[in-house]
Amino acid sequence: MEQLDVNNVFLHGELNEEVYMLPPPGAILSRPNVQSHADHSLLIKSEGDSFTALLIYVDDIVVAGNDKTKIDSVKRSLDSEFKIKDLGNLHYFLGLEILRSVDGLLISQRKYALELISDGGMLGAKPCSTPLEPGLKLEQDAGHPYEDVASYHRLIGRLLYLTTTRPDICHAVQQLSQFISKPTDIHMNAALHVLRYLKNAPSNGLFYPAANKLQPSGFADSDWAVCADTRRSITGFCVFIGSALVSWESKKQGTVSRSSSEAEYRSLAALTCKIQWIRYLLQDLQVPFHKAVPIYCDNRSAIYLAHNPTFHERTKHIEIDCHLIREKILDGLVHFLPIASGDQLADPFTKSLSVGPFKSLVGKLGLRNTHPPT
């Protein structure tokens, strides 16, 4: 994995008028690279046993592959069309710090987190062990209006980017981002509490082991009617490939759920859509995908609802897009399993699944009533 930078990409400065452009006929588009349908900024190229992938963000490029000769050929081809700067092995990309060893890959945002703590004036503060105060319920009109609204906007925006490698603050940032339009002093104090939590371990990140099974799995949960202002529920899920966490989310649902089963069902639908996208991405990366993805949920009613094609009186109001999970079950993309004890699970992969990922990640998303497999 190596990193490139295009020189003079902003040579002509800012324009005062709107300009509509086509990509220039450069090396990337003129060579037999295939654009990923799952991510348009990803270009892949396969020749025999060699595989090369380019990930592009404006003028920053990550090139990865299993053949050093092919990677060097791509760099020479790009340099002939655009003057590029070869930054060597990938180590720092868009605020992400990448450390690689024979054991795997560690991605963190330590420098970014320390700058965030320093800019928030919390370097001398006492660290805390939780992203939010236990039992805290944030409401729209609680407290007094916060005067410096712009500083609250900046802080929440920076915390949102930090969730790229810190799923443990995902739920806290989701709660705080609801009050962007009209923050209060209570909301700002809660945001500063997140900084105190980051100060406890600013270098935490995500580890991707080199020896890892490429079998996806997912966990879904919800917190029913938790929002005090709208009574909407919160969806929480995380997706693993083997033991490596690759995707997670904590998000307020768009409508009010009439029961906890409905809230869980909507969480399953959101997770199913994410797994479908991950499958497309794995196919573009030529990763074999042979069996259905196990999804774990602690609400058996939601699992029964997903397998039942009949619309009952209590489910007729649920949007049609939520019922796509029934189609994905029939297509063999996913299959749902309850959170239960190890001796109750028949699937060998389920029995070998560790408790740690569920407890440390779904639990840190701020969701309650989670009962991981034992």
# chains A, B, ... in the order shown; residues from 1 in each chain; ligands from 1
>>> select_by_dssp(residues="region 113-282 of chain A", states="alpha helix (DSSP H)", output="PyMOL selection string")
chain A and resi 113-119+149-162+170-176+185-200+260-282
>>> select_by_dssp(residues="region 220-313 of chain A", states="strand (DSSP E or B)", output="ChimeraX atom specification")
/A:220-223,234-241,244-252,293-297
>>> write_last_selection(atoms="C-alpha atoms", output="tab-separated table (two decimals), in the first residue's frame")
chain	number	residue	atom	x	y	z
A	220	ALA	CA	-28.17	-5.11	14.88
A	221	ASP	CA	-29.97	-3.51	17.80
A	222	SER	CA	-32.20	-0.55	18.57
A	223	ASP	CA	-33.19	1.66	21.48
A	234	ILE	CA	-32.18	4.74	17.45
A	235	THR	CA	-30.73	2.20	15.04
A	236	GLY	CA	-27.38	0.69	15.88
A	237	PHE	CA	-25.42	-1.91	13.94
A	238	CYS	CA	-21.89	-3.06	13.24
A	239	VAL	CA	-20.45	-5.23	10.47
A	240	PHE	CA	-17.40	-7.45	10.81
A	241	ILE	CA	-15.31	-9.24	8.23
A	244	ALA	CA	-12.24	-6.95	11.88
A	245	LEU	CA	-14.81	-4.18	12.23
A	246	VAL	CA	-15.48	-2.53	8.86
A	247	SER	CA	-18.74	-0.61	9.28
A	248	TRP	CA	-20.92	0.73	12.10
A	249	GLU	CA	-23.75	3.18	12.64
A	250	SER	CA	-25.80	4.82	15.36
A	251	LYS	CA	-28.63	6.84	13.85
A	252	LYS	CA	-32.09	8.08	14.77
A	293	VAL	CA	-24.10	-13.41	5.95
A	294	PRO	CA	-25.21	-14.20	9.52
A	295	ILE	CA	-26.95	-11.27	11.22
A	296	TYR	CA	-27.54	-11.40	14.96
A	297	CYS	CA	-30.47	-9.73	16.67
>>> residues_around(residues="Asp59 (chain A)", least_positions_apart="2", cutoff="6 Å", atoms="only C-alpha atoms", output="list in words")
Asp5, Val6 and Tyr57 of chain A
>>> residues_around(residues="Glu147 (chain A)", least_positions_apart="3", cutoff="10 Å", atoms="only C-alpha atoms", output="ChimeraX atom specification")
/A:144,150-152,182-185
>>> atom_distance(atom1="CA of Leu106 (chain A)", atom2="CA of Leu160 (chain A)")
19.9 Å
>>> closest_residue(among="A:Leu105, A:Ala190, A:Leu330, A:Leu42", to="Ala211 (chain A)", atoms="only C-alpha atoms")
A:Leu105
>>> atom_distance(atom1="CA of Met188 (chain A)", atom2="CA of Gln175 (chain A)")
11.8 Å
>>> closest_residue(among="A:Ala270, A:Val334, A:Ile186, A:Ala292", to="Leu132 (chain A)", atoms="only C-alpha atoms")
A:Ile186
>>> atom_distance(atom1="CA of Arg232 (chain A)", atom2="CA of Gly254 (chain A)")
7.5 Å
>>> closest_residue(among="A:Gly121, A:Leu285, A:Ser233, A:Ser217", to="His335 (chain A)", atoms="only C-alpha atoms")
A:Ser217
>>> closest_residue(among="A:Arg100, A:Lys126, A:Lys85, A:Arg158", to="Ile61 (chain A)", atoms="only C-alpha atoms")
A:Lys85
>>> closest_residue(among="A:Lys83, A:His37, A:Arg76, A:Lys199", to="Lys111 (chain A)", atoms="only C-alpha atoms")
A:Lys199
>>> residues_around(residues="region 47-55 of chain A", least_positions_apart="2", cutoff="7 Å", atoms="only C-alpha atoms", output="PDB file with C-alpha atoms, in the first residue's frame")
ATOM      1  CA  SER A  41     -13.526   6.769  -6.376  1.00  0.00           C
ATOM      2  CA  LEU A  42     -12.123   3.212  -6.467  1.00  0.00           C
ATOM      3  CA  LEU A  43     -10.485   1.895  -9.648  1.00  0.00           C
ATOM      4  CA  ILE A  44      -9.312  -1.675  -9.963  1.00  0.00           C
ATOM      5  CA  LYS A  45      -7.180  -3.574 -12.441  1.00  0.00           C
ATOM      6  CA  TYR A  57      -9.712  11.641  -3.021  1.00  0.00           C
ATOM      7  CA  ILE A  61      -4.212   8.687  -4.097  1.00  0.00           C
ATOM      8  CA  VAL A  62      -3.728   5.350  -2.368  1.00  0.00           C
ATOM      9  CA  VAL A  63      -2.472   2.537  -4.598  1.00  0.00           C
ATOM     10  CA  ALA A  64      -2.480  -1.031  -3.321  1.00  0.00           C
ATOM     11  CA  GLY A  65      -1.768  -4.377  -4.875  1.00  0.00           C
ATOM     12  CA  ASN A  66      -0.012  -7.717  -4.626  1.00  0.00           C
ATOM     13  CA  ASP A  67       2.608  -7.007  -7.332  1.00  0.00           C
ATOM     14  CA  ILE A  71       2.306  -0.708  -8.700  1.00  0.00           C
TER      15      ILE A  71
END
